[in-house]
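Engineer: Below is the file my_file_15.txt, which contains compact mmCIF, C-alpha atoms.
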```txt
# COMPACT_ATOMS: atom_id res chain seq x y z
CA MET A 655 6.44 -22.52 -68.12
CA LYS A 656 8.10 -21.31 -64.90
CA ASP A 657 7.95 -23.38 -61.81
CA GLY A 658 6.16 -21.74 -58.87
CA PRO A 659 7.79 -21.18 -55.50
CA ALA A 660 8.62 -24.27 -53.49
CA PRO A 661 5.82 -25.18 -51.11
CA ARG A 662 6.38 -24.14 -47.50
CA PRO A 663 7.53 -27.09 -45.42
CA LEU A 664 5.05 -28.51 -42.93
CA ILE A 665 5.44 -29.90 -39.44
CA GLU A 666 5.12 -33.37 -41.00
CA ASP A 667 8.21 -32.62 -43.15
CA VAL A 668 10.20 -31.55 -40.08
CA ALA A 669 9.09 -34.69 -38.23
CA ALA A 670 10.17 -36.91 -41.13
CA ARG A 671 13.57 -35.19 -41.47
CA ALA A 672 14.22 -35.43 -37.69
CA GLY A 673 12.90 -38.97 -37.42
CA VAL A 674 10.37 -38.14 -34.71
CA SER A 675 6.60 -37.88 -34.40
CA ARG A 676 4.57 -34.82 -35.31
CA ALA A 677 3.60 -34.50 -31.61
CA THR A 678 7.29 -34.32 -30.63
CA VAL A 679 7.91 -31.52 -33.14
CA ASP A 680 4.90 -29.67 -31.77
CA ARG A 681 6.26 -29.99 -28.20
CA VAL A 682 9.67 -28.71 -29.25
CA LEU A 683 8.35 -25.73 -31.23
CA ASN A 684 6.01 -24.74 -28.38
CA ARG A 685 8.73 -25.24 -25.76
CA ARG A 686 6.77 -27.82 -23.82
CA PRO A 687 8.59 -30.03 -21.33
CA GLY A 688 9.25 -33.74 -21.70
CA VAL A 689 11.58 -33.84 -24.73
CA ARG A 690 15.23 -34.86 -24.44
CA SER A 691 17.77 -32.16 -25.26
CA ARG A 692 19.30 -34.27 -28.06
CA THR A 693 15.89 -34.68 -29.66
CA VAL A 694 15.25 -30.93 -29.35
CA GLU A 695 18.50 -30.22 -31.19
CA ARG A 696 17.64 -32.72 -33.94
CA VAL A 697 14.20 -31.16 -34.45
CA LEU A 698 15.58 -27.62 -34.57
CA ALA A 699 18.30 -28.65 -37.01
CA ALA A 700 15.72 -30.29 -39.30
CA ALA A 701 13.46 -27.22 -39.11
CA ALA A 702 16.39 -24.97 -40.08
CA GLU A 703 17.53 -27.22 -42.94
CA LEU A 704 14.02 -27.27 -44.43
CA GLY A 705 13.54 -23.54 -43.97
CA TYR A 706 10.66 -24.06 -41.52
CA LEU A 707 12.54 -21.87 -39.04
CA SER A 708 15.01 -19.09 -39.80
CA GLY A 709 18.42 -18.90 -38.16
CA ALA A 710 17.10 -16.13 -35.91
CA ASP A 711 14.14 -18.30 -34.93
CA VAL A 712 16.44 -21.17 -33.98
CA ALA A 713 18.65 -18.79 -31.95
CA ARG A 714 15.58 -17.57 -30.04
CA MET A 715 14.54 -21.16 -29.37
CA HIS A 716 17.92 -21.75 -27.72
CA GLN A 717 17.49 -18.81 -25.35
CA PRO A 718 15.99 -19.56 -21.92
CA GLU A 719 12.28 -18.82 -21.79
CA ALA A 720 11.32 -15.87 -19.61
CA ALA A 721 10.10 -16.86 -16.16
CA GLN A 722 6.39 -16.48 -15.51
CA TYR A 723 5.24 -15.13 -12.14
CA THR A 724 1.65 -14.85 -10.95
CA PHE A 725 0.37 -12.42 -8.34
CA LEU A 726 -2.89 -13.28 -6.54
CA LEU A 727 -4.55 -10.41 -4.67
CA PRO A 728 -7.81 -10.24 -2.70
CA ARG A 729 -10.88 -9.33 -4.71
CA GLY A 730 -12.83 -6.33 -3.41
CA GLY A 731 -12.69 -2.59 -3.03
CA ASN A 732 -9.51 -2.15 -0.97
CA PRO A 733 -7.93 0.90 -2.67
CA TYR A 734 -4.36 -0.10 -1.83
CA LEU A 735 -4.71 -3.58 -3.31
CA ARG A 736 -6.44 -2.16 -6.40
CA LEU A 737 -3.50 0.24 -6.79
CA LEU A 738 -1.06 -2.66 -6.39
CA GLY A 739 -2.92 -4.68 -9.01
CA ALA A 740 -3.07 -1.77 -11.46
CA ARG A 741 0.68 -1.25 -11.18
CA LEU A 742 1.34 -4.97 -11.74
CA ARG A 743 -0.78 -4.90 -14.88
CA GLU A 744 1.08 -1.85 -16.15
CA ILE A 745 4.38 -3.71 -15.73
CA ALA A 746 2.91 -6.80 -17.42
CA ALA A 747 1.71 -4.75 -20.40
CA GLN A 748 5.15 -3.20 -21.02
CA PRO A 749 7.75 -5.84 -20.12
CA ALA A 750 11.42 -4.89 -20.25
CA PRO A 751 13.70 -7.06 -22.44
CA GLY A 752 14.62 -10.25 -20.61
CA SER A 753 12.20 -9.54 -17.75
CA PRO A 754 9.80 -12.16 -16.38
CA ARG A 755 6.24 -12.36 -17.61
CA ILE A 756 3.80 -11.18 -14.96
CA ARG A 757 0.15 -11.96 -14.48
CA CYS A 758 -2.14 -10.55 -11.78
CA HIS A 759 -5.48 -12.02 -10.71
CA PHE A 760 -7.94 -10.93 -8.03
CA GLU A 761 -9.32 -13.87 -6.09
CA GLU A 762 -11.75 -14.51 -3.22
CA SER A 763 -9.22 -14.20 -0.41
CA PHE A 764 -11.65 -14.52 2.52
CA ASN A 765 -12.72 -17.98 1.32
CA PRO A 766 -9.83 -20.38 2.16
CA ALA A 767 -11.05 -23.16 -0.14
CA ALA A 768 -11.41 -20.81 -3.11
CA MET A 769 -8.03 -19.23 -2.46
CA ALA A 770 -6.33 -22.61 -2.10
CA GLU A 771 -7.85 -23.74 -5.41
CA ALA A 772 -6.68 -20.53 -7.11
CA LEU A 773 -3.18 -21.00 -5.72
CA ARG A 774 -2.94 -24.51 -7.12
CA ARG A 775 -4.51 -23.59 -10.48
CA HIS A 776 -2.38 -20.52 -11.18
CA GLY A 777 0.73 -21.65 -9.32
CA GLU A 778 1.09 -24.96 -11.16
CA ARG A 779 1.24 -23.03 -14.47
CA SER A 780 3.81 -20.50 -13.22
CA ASP A 781 7.42 -20.50 -12.11
CA GLY A 782 6.48 -18.61 -8.97
CA VAL A 783 3.46 -17.16 -7.22
CA ALA A 784 3.10 -14.20 -4.84
CA PHE A 785 -0.17 -13.95 -2.93
CA MET A 786 -2.09 -12.39 -0.06
CA ALA A 787 -4.53 -14.67 1.73
CA VAL A 788 -5.98 -15.61 5.09
CA ASP A 789 -3.87 -17.91 7.26
CA HIS A 790 -5.71 -21.24 6.99
CA PRO A 791 -4.70 -24.94 6.73
CA LEU A 792 -6.08 -25.21 3.17
CA VAL A 793 -4.03 -22.20 2.06
CA ARG A 794 -0.92 -23.52 3.80
CA ALA A 795 -1.36 -26.93 2.13
CA ALA A 796 -1.72 -25.33 -1.31
CA ALA A 797 1.39 -23.20 -0.79
CA ASP A 798 3.38 -26.25 0.39
CA HIS A 799 2.17 -28.23 -2.64
CA LEU A 800 3.61 -25.57 -4.95
CA VAL A 801 6.92 -25.59 -3.05
CA ASP A 802 7.04 -29.38 -3.49
CA LEU A 803 6.63 -28.84 -7.24
CA GLY A 804 9.69 -26.59 -7.24
CA LYS A 805 7.77 -23.31 -7.54
CA ARG A 806 8.85 -20.15 -5.75
CA VAL A 807 6.18 -19.07 -3.25
CA VAL A 808 6.04 -15.60 -1.67
CA THR A 809 3.44 -14.05 0.64
CA LEU A 810 2.50 -10.37 0.31
CA VAL A 811 1.34 -7.81 2.92
CA SER A 812 -0.02 -10.55 5.24
CA ASP A 813 2.04 -13.65 5.94
CA VAL A 814 1.07 -17.32 6.11
CA PRO A 815 3.90 -18.11 8.54
CA ASN A 816 3.53 -21.87 8.97
CA ALA A 817 3.61 -22.52 5.23
CA ARG A 818 6.94 -23.38 3.62
CA ARG A 819 6.91 -20.16 1.58
CA HIS A 820 10.25 -18.78 0.47
CA ALA A 821 9.74 -15.18 1.63
CA TYR A 822 7.26 -12.77 3.17
CA ILE A 823 7.12 -9.26 1.66
CA GLY A 824 5.57 -6.81 4.06
CA LEU A 825 5.88 -5.13 7.44
CA GLU A 826 6.57 -6.57 10.89
CA ASN A 827 2.94 -6.30 11.90
CA ARG A 828 3.12 -6.57 15.68
CA GLN A 829 5.50 -3.60 15.54
CA VAL A 830 3.02 -1.87 13.22
CA GLY A 831 0.23 -2.35 15.76
CA ARG A 832 2.39 -1.04 18.59
CA THR A 833 3.28 1.99 16.48
CA ALA A 834 -0.42 2.69 15.84
CA GLY A 835 -1.09 2.34 19.56
CA TYR A 836 1.80 4.65 20.43
CA LEU A 837 0.52 7.30 18.04
CA MET A 838 -3.01 6.97 19.43
CA ALA A 839 -1.71 7.35 23.00
CA ARG A 840 0.36 10.43 22.14
CA PHE A 841 -2.46 12.06 20.18
CA ALA A 842 -4.97 11.30 22.96
CA ALA A 843 -2.73 13.13 25.44
CA GLY A 844 -4.21 11.67 28.63
CA ARG A 845 -7.86 11.64 27.54
CA THR A 846 -10.04 8.85 28.93
CA GLY A 847 -12.79 6.95 27.21
CA SER A 848 -12.95 4.16 24.64
CA VAL A 849 -11.10 3.15 21.49
CA ALA A 850 -12.23 0.78 18.73
CA LEU A 851 -10.55 -1.38 16.10
CA ILE A 852 -11.88 -2.26 12.66
CA ALA A 853 -10.13 -5.06 10.76
CA ALA A 854 -10.78 -6.82 7.46
CA THR A 855 -10.64 -10.17 9.27
CA ARG A 856 -8.56 -11.59 12.08
CA ALA A 857 -7.89 -14.54 9.75
CA TYR A 858 -5.35 -12.29 8.04
CA HIS A 859 -2.19 -12.92 10.05
CA ALA A 860 -1.18 -9.28 9.59
CA HIS A 861 -4.40 -7.99 11.13
CA GLY A 862 -4.22 -10.33 14.09
CA GLU A 863 -0.62 -9.27 14.77
CA ARG A 864 -1.50 -5.58 14.47
CA GLU A 865 -4.34 -6.01 16.95
CA ILE A 866 -2.05 -7.75 19.44
CA GLY A 867 0.53 -4.98 19.11
CA PHE A 868 -2.04 -2.22 19.51
CA LEU A 869 -3.61 -3.81 22.60
CA SER A 870 -0.20 -4.20 24.26
CA ILE A 871 0.30 -0.43 24.00
CA LEU A 872 -3.26 0.17 25.22
CA ASP A 873 -2.35 -1.64 28.44
CA GLU A 874 1.01 0.14 28.78
CA MET A 875 0.24 3.73 27.81
CA MET A 876 -3.55 4.19 27.95
CA PRO A 877 -4.71 2.76 31.29
CA GLY A 878 -7.66 5.18 31.29
CA MET A 879 -8.89 3.87 27.94
CA ARG A 880 -11.13 0.86 27.34
CA LEU A 881 -11.45 -1.19 24.17
CA THR A 882 -15.03 -1.10 22.95
CA GLY A 883 -14.50 -3.93 20.49
CA THR A 884 -12.98 -5.10 17.23
CA ARG A 885 -15.24 -5.22 14.18
CA GLU A 886 -14.54 -7.06 10.92
CA GLY A 887 -15.36 -5.03 7.81
CA HIS A 888 -13.75 -7.27 5.16
CA ASP A 889 -11.98 -4.27 3.63
CA ASP A 890 -15.35 -3.07 2.31
CA ARG A 891 -16.00 0.68 2.51
CA ASP A 892 -19.75 0.24 3.14
CA GLU A 893 -19.24 -2.32 5.92
CA ASN A 894 -16.59 -0.07 7.48
CA TYR A 895 -18.94 2.92 7.24
CA HIS A 896 -21.75 1.10 9.07
CA HIS A 897 -19.37 -0.25 11.74
CA ALA A 898 -17.99 3.25 12.34
CA ARG A 899 -21.46 4.82 12.51
CA GLU A 900 -22.56 2.24 15.07
CA LEU A 901 -19.42 2.70 17.17
CA ILE A 902 -19.82 6.46 17.18
CA ALA A 903 -23.53 6.27 18.08
CA ARG A 904 -23.11 3.71 20.87
CA ASN A 905 -19.99 5.19 22.47
CA PRO A 906 -20.30 8.88 23.39
CA ASP A 907 -16.86 8.59 25.03
CA LEU A 908 -15.19 7.25 21.83
CA VAL A 909 -11.70 8.76 21.62
CA GLY A 910 -10.23 6.93 18.65
CA ILE A 911 -10.59 4.35 15.89
CA TYR A 912 -7.74 2.26 14.51
CA ASN A 913 -8.50 0.76 11.11
CA VAL A 914 -6.28 -2.31 11.04
CA GLY A 915 -7.03 -2.98 7.36
CA GLY A 916 -8.01 -0.99 4.28
CA SER A 917 -10.95 0.91 2.79
CA SER A 918 -10.60 3.75 5.28
CA ASP A 919 -12.86 5.99 3.21
CA GLY A 920 -15.96 4.39 4.74
CA ILE A 921 -14.77 5.19 8.26
CA ALA A 922 -13.75 8.71 7.23
CA ARG A 923 -17.25 9.28 5.83
CA ALA A 924 -18.86 8.26 9.12
CA LEU A 925 -16.49 10.51 11.09
CA ARG A 926 -17.21 13.51 8.87
CA GLU A 927 -20.95 12.97 9.22
CA SER A 928 -20.71 12.72 13.01
CA GLY A 929 -19.09 16.13 13.42
CA ARG A 930 -17.15 14.77 16.41
CA ARG A 931 -13.38 15.01 16.82
CA ILE A 932 -12.38 11.37 17.05
CA LEU A 933 -8.80 10.25 16.48
CA PHE A 934 -8.38 8.08 13.41
CA ILE A 935 -5.34 6.01 12.45
CA GLY A 936 -5.37 3.79 9.38
CA HIS A 937 -3.28 2.09 6.74
CA ALA A 938 -2.09 2.50 3.15
CA LEU A 939 -1.53 5.87 1.48
CA THR A 940 -4.06 6.00 -1.36
CA PRO A 941 -6.20 8.84 -2.73
CA ASP A 942 -8.89 8.29 -0.07
CA THR A 943 -6.49 8.29 2.90
CA ARG A 944 -4.58 11.24 1.44
CA ALA A 945 -7.84 13.24 1.31
CA ALA A 946 -8.66 12.22 4.90
CA LEU A 947 -5.22 13.32 6.11
CA LEU A 948 -5.50 16.65 4.33
CA ASP A 949 -8.89 17.52 5.84
CA GLU A 950 -7.74 16.17 9.24
CA THR A 951 -10.36 13.43 9.43
CA MET A 952 -7.44 11.00 9.65
CA ASP A 953 -4.53 11.71 12.00
CA ALA A 954 -1.93 9.23 10.74
CA CYS A 955 -1.58 6.63 8.01
CA ILE A 956 0.87 3.72 8.27
CA SER A 957 1.88 2.54 4.82
CA GLN A 958 4.27 0.52 2.69
CA ASN A 959 5.41 1.65 -0.72
CA PRO A 960 3.53 -0.40 -3.38
CA GLU A 961 6.43 -0.11 -5.83
CA ALA A 962 8.75 -1.54 -3.17
CA VAL A 963 6.31 -4.41 -2.54
CA ILE A 964 6.36 -5.35 -6.22
CA THR A 965 10.10 -5.00 -6.87
CA THR A 966 11.00 -6.85 -3.67
CA ALA A 967 8.52 -9.63 -4.44
CA LEU A 968 10.04 -10.04 -7.91
CA ARG A 969 13.51 -10.32 -6.34
CA ALA A 970 12.23 -13.01 -3.98
CA LEU A 971 10.49 -14.89 -6.79
CA ALA A 972 13.77 -14.85 -8.74
CA GLY A 973 15.46 -16.63 -5.82
CA GLU A 974 17.24 -13.73 -4.11
CA GLU A 975 17.68 -14.11 -0.36
CA LEU A 976 16.16 -11.13 1.44
CA PRO A 977 16.50 -9.79 4.99
CA VAL A 978 13.53 -9.87 7.35
CA PRO A 979 11.69 -7.56 7.75
CA VAL A 980 12.20 -6.53 4.15
CA LEU A 981 10.15 -3.33 3.86
CA PRO A 982 10.29 -0.08 5.82
CA MET A 983 7.24 1.24 7.64
CA LEU A 984 6.09 4.65 6.38
CA ILE A 985 4.21 6.94 8.78
CA MET A 986 2.31 9.56 6.82
CA LEU A 987 0.87 12.71 8.39
CA ARG A 988 -0.77 15.75 6.87
CA GLU A 989 2.52 17.62 6.98
CA ASN A 990 4.73 15.09 5.18
CA LEU A 991 2.55 14.23 2.18
CA ASP A 992 4.54 14.67 -1.03
```
Go ahead and render the structure in this file as structure tokens.
Structural biologist:
Amino acid sequence: MKDGPAPRPLIEDVAARAGVSRATVDRVLNRRPGVRSRTVERVLAAAAELGYLSGADVARMHQPEAAQYTFLLPRGGNPYLRLLGARLREIAAQPAPGSPRIRCHFEESFNPAAMAEALRRHGERSDGVAFMAVDHPLVRAAADHLVDLGKRVVTLVSDVPNARRHAYIGLENRQVGRTAGYLMARFAAGRTGSVALIAATRAYHAHGEREIGFLSILDEMMPGMRLTGTREGHDDRDENYHHARELIARNPDLVGIYNVGGSSDGIARALRESGRRILFIGHALTPDTRAALLDETMDACISQNPEAVITTALRALAGEELPVPVLPMLIMLRENLD
């Protein structure tokens, strides 16, 4: 009678051979922290001797584990942020050899407490976190907590400047606002009347800086123009649509609208319905703003390349020192769309 194949060794066998507990073997095999390097080597040697792990398996266990980076983006209908998130998930689904593991989550960015909780929850499980959020003490405290834990922390698109983050990946937003104001002044060509701003929220540092920059140009170059107000649309196309409709109806002298944030399609819809020729400057080249530029509902779109945002953020998360500002401002018109 032939003997059957030798039974496959168990974790208990590896633990006995290495002289450690089963829990220690489990921590080593799952690459959990808290085990001394000498103990790790003893466990791996025992696993190889018993045939629990192959030589190739042991070699892989000796290789550094790929870094894990988490991206947290605002939940909602902002087309640019949805595009950014879709691209991140494409990269995560097809990682290159040796590249970091990437995860992307959409969180409630306008709620500081919820965003701070998400930062702590996801950031503590990652080697680094890149996020866009409102500038608020709770968010700053959560970011600083992650830095204290040794995590890399990077802000995207809108900065949280008083946090101890390692880098900001985005535009110099006061300059962005001045550029939008300059374009509005040149396009208006001496017309008088009113202009309006629509932002997601002034709690985004980027939007506050853009507003300041725009208003400084209004004073310098458009003395015959008055500001009719800044509305907050929370990057929601329906809110933006209703704000734009109200502005158009209440201001027969309305010369221009500057959308400081995203979801420009709602504003474009209101402008098309009005039939009036009102200047419109917005942000982020996406399918909706491209269509508005092509049919001349929108006059100019200030953007930043989403691929550049991602690749630069990954460089910052990996510890590379970057210049500030780190991204170029793109000014898109109907005539330079590719």
Engineer: Pick from A:Thr846, A:Thr855, A:Ser763, A:Asn732: nearest to Thr943 in chain A, with only C-alpha atoms counted?
Structural biologist: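 Among A:Thr846, A:Thr855, A:Ser763, A:Asn732, it is A:Asn732 that comes nearest to Thr943 in chain A.
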Engineer: Can you check which parts of range 892-930 of chain A lie within 12 Å of range 955-964 of chain A? Per residue, the shortest pair of atoms and distance in Å to one decimal, counting all atoms listed in the file, sorted by chain and number, as a Markdown table.
Structural biologist:
```
| residue | atom | partner | partner_atom | distance |
| --- | --- | --- | --- | --- |
| A:Tyr912 | CA | A:Cys955 | CA | 10.0 |
| A:Asn913 | CA | A:Cys955 | CA | 9.6 |
| A:Val914 | CA | A:Ile956 | CA | 9.8 |
| A:Gly915 | CA | A:Ile956 | CA | 10.4 |
| A:Gly916 | CA | A:Ser957 | CA | 10.5 |
| A:Ser918 | CA | A:Cys955 | CA | 9.9 |
```
Engineer: Would you output that residue set with C-alpha atoms, as a PDB file, keeping the file's coordinate frame?
Structural biologist:
```
ATOM      1  CA  TYR A 912      -7.740   2.260  14.510  1.00  0.00           C
ATOM      2  CA  ASN A 913      -8.500   0.760  11.110  1.00  0.00           C
ATOM      3  CA  VAL A 914      -6.280  -2.310  11.040  1.00  0.00           C
ATOM      4  CA  GLY A 915      -7.030  -2.980   7.360  1.00  0.00           C
ATOM      5  CA  GLY A 916      -8.010  -0.990   4.280  1.00  0.00           C
ATOM      6  CA  SER A 918     -10.600   3.750   5.280  1.00  0.00           C
TER       7      SER A 918
END
```
Engineer: Set the distance at 12 Å and use all atoms listed in the file: which residues neighbour Glu744 in chain A once local chain neighbours fewer than 2 positions away are removed? I'd like the list as a list in words.
Structural biologist: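 With the cut-off at 12 Å, the set is Leu737, Leu738, Gly739, Ala740, Arg741, Leu742, Ala746, Ala747, Gln748, Pro749, Ala750, Arg755, Ile756, Arg757, Cys758, Glu961 and Ile964 of chain A.
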Engineer: Counting only C-alpha atoms, which residue out of A:Gln717, A:Asp781, A:Ile823, A:Leu704 sits closest to Pro977 in chain A?
Structural biologist: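 Closest to Pro977 in chain A of all the choices is A:Ile823.
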Engineer: Set the distance at 8 Å and use all atoms listed in the file: which residues neighbour Gly844 in chain A once local chain neighbours fewer than 4 positions away are removed? I'd like the list as a count of residues only.
Structural biologist: 3
Engineer: So the first atom is CA of Ile911 in chain A and the second is CA of Arg944 in chain A; what is the distance between them in Å, to one decimal place?
Structural biologist: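 CA of Ile911 in chain A sits 17.1 Å away from CA of Arg944 in chain A.
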Engineer: How many Å lie between CA of Arg806 in chain A and CA of Met715 in chain A, rounded to one decimal?
Structural biologist: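 According to the coordinates, CA of Arg806 in chain A and CA of Met715 in chain A are separated by 24.3 Å.
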Engineer: Rank A:Ser917, A:Ser870, A:Asn905, A:Ser675 by their smallest atom-to-atom distance to Glu893 in chain A, using all atoms listed in the file, and report the top residue only.
Structural biologist: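 Smallest distance to Glu893 in chain A is found for A:Ser917.
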Engineer: Can you work out which one of A:Pro766, A:Leu825, A:Arg899, A:Arg931 has the shortest atom-to-atom distance to Ala797 in chain A, counting all atoms listed in the file?
Structural biologist: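 Of A:Pro766, A:Leu825, A:Arg899, A:Arg931, the one nearest Ala797 in chain A, counting all atoms listed in the file, is A:Pro766.
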Engineer: Restricting the calculation to only C-alpha atoms, which member of A:Ala795, A:Ile852, A:Leu800, A:Ala710 is positioned closest to Asn816 in chain A?
Structural biologist: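 Comparing A:Ala795, A:Ile852, A:Leu800, A:Ala710 against Asn816 in chain A, the winner is A:Ala795.
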Engineer: Return as lines of an AutoDock Vina configuration file the box centre and box size in Å, one decimal, for an axis-aligned box around all listed atoms of range 962-968 of chain A padded by 8 Å per side.
Structural biologist:
```
center_x = 8.7
center_y = -5.8
center_z = -5.2
size_x = 20.7
size_y = 24.5
size_z = 21.4
```
Engineer: Counting only C-alpha atoms, which of A:Pro661, A:His861, A:Val849, A:Ala903 gets nearest to Arg880 in chain A?
Structural biologist: A:Val849
